[in-house]
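K.L.:
Encoded as structure tokens, here's the structure I'll be asking about.
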Amino acid sequence: MTPEREKKFKEVISRRQPDLTLILENIHDPHNISAILRTCDAVGIMEVYVINTTDPLRKKLGKKSSASARKWVKVNYFNSVYECVDILKMKGIVIYATHLSTDSVSLYDLDFSRPVCLAFGNEHAGVSEELLGYADGNFIIPMMGMIPSLNVSVACAVSLYEVYRQRAKTGMYEHPARQDKNANELFAEWSGGISAEEAS
């Protein structure tokens, strides 16, 4: 590994946000998944949670579906909504689901300086009733047009960059909530799992 590559790894790892994540529930379009993971990497997300309850046999994401971003963002797989949510709750992470209801608030009214997970549902059905039951709140992205929704990958990007804006403004990327031990482990994982071409 070149010194430049090592420096890049350490800079990126230092800005990772261990208390920021996503739930992707029953999202099957590989192009959407690829775009979402790329945005996750761009805003410093370390890992995402993928729930698949509609087709348990389709558990893993194909290599082509997530492009190179999958090397830098850990993907955790679940066939149970409860098991996924239970892990996040134990970590003290608040879950906000994208869902239009009477108690939904604007994306721009939420405080993203706290440990948070944004939940996005299926391209057609949205977030399931089961997952909504575990969510701490619902949010919407304001719309001014005739079509009341965005493509799920676009919705993720819009939402995550509002999270980024808030966190960058308060200096959370300069002082991320992670420990040196975790940073060292992540560096070892990244540097040990790349090809000679990627290391140069």
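In the structure tokens, the first chain shown is A, the next is B, and so on; residue numbers restart at 1 for each chain, and ligands run from 1 in the order shown.
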I need the residues in range 62-184 of chain A that are alpha helix (DSSP H) according to DSSP; give them as a ChimeraX atom specification.
P.N.:
/A:63-66,81-90,129-134,152-169,180-184
K.L.:
What's around range 44-57 of chain A at 7 Å? Count only C-alpha atoms, leave out sequence neighbours fewer than 4 positions away in its own chain, and write the answer as a ChimeraX atom specification.
P.N.:
/A:15-18,20-26,40,73-81
K.L.:
Env of Arg167 in chain A: 10 Å cut, atoms = only C-alpha atoms, seq-sep filter 2 positions within chain, self excluded. Answer as a ChimeraX atom specification.
P.N.:
/A:17,43,111-114,161-165,169-174,176
K.L.:
Given only C-alpha atoms as the basis, pick out the residue of A:Val94, A:Ala155, A:Val12, A:Ile147 nearest to Gly121 in chain A.
P.N.:
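Answer, going by the shortest atom-to-atom distance: A:Ala155.
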K.L.:
Quick one: of A:Ser149, A:Ser159, A:Ala183, A:Trp72, who's nearest to Asp109 in chain A, counting only C-alpha atoms?
P.N.:
A:Ser159
K.L.:
Just the residues within 8 Å of Ala135 in chain A, please, counting only C-alpha atoms, with nothing from its chain fewer than 2 positions along; format it as a count of residues only.
P.N.:
9
K.L.:
DSSP says strand (DSSP E or B) for which residues of range 67-149 of chain A? Put them as a VMD selection string?
P.N.:
chain A and resid 74 to 78 94 to 98 105 to 106 116 to 120 122 126 137 to 140
K.L.:
In terms of the shortest atom-to-atom distance over only C-alpha atoms, which of A:Val85, A:Ala35, A:Leu160, A:Ala119 is closest to Arg70 in chain A?
P.N.:
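Of all the options, A:Ala35 lies closest to Arg70 in chain A.
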K.L.:
Compare A:Ala42, A:Cys84, A:Leu110, A:Ala69 by their minimum atom-to-atom distance to Gln166 in chain A, counting only C-alpha atoms, and give me the closest one.
P.N.:
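That would be A:Leu110, the residue with the smallest distance to Gln166 in chain A.
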K.L.:
Residues near Val154 in chain A, anyone? I mean within 12 Å using only C-alpha atoms, not counting same-chain ones fewer than 2 positions away, as a list of chain:residue names.
P.N.:
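These residues fall inside the cut-off: A:His31, A:Asn32, A:Ile33, A:Ser34, A:Ala35, A:Ile36, A:Leu37, A:Arg38, A:Thr39, A:Phe120, A:Glu123, A:Ile141, A:Ser149, A:Leu150, A:Asn151, A:Val152, A:Cys156, A:Ala157, A:Val158, A:Ser159, A:Leu160, A:Tyr161.
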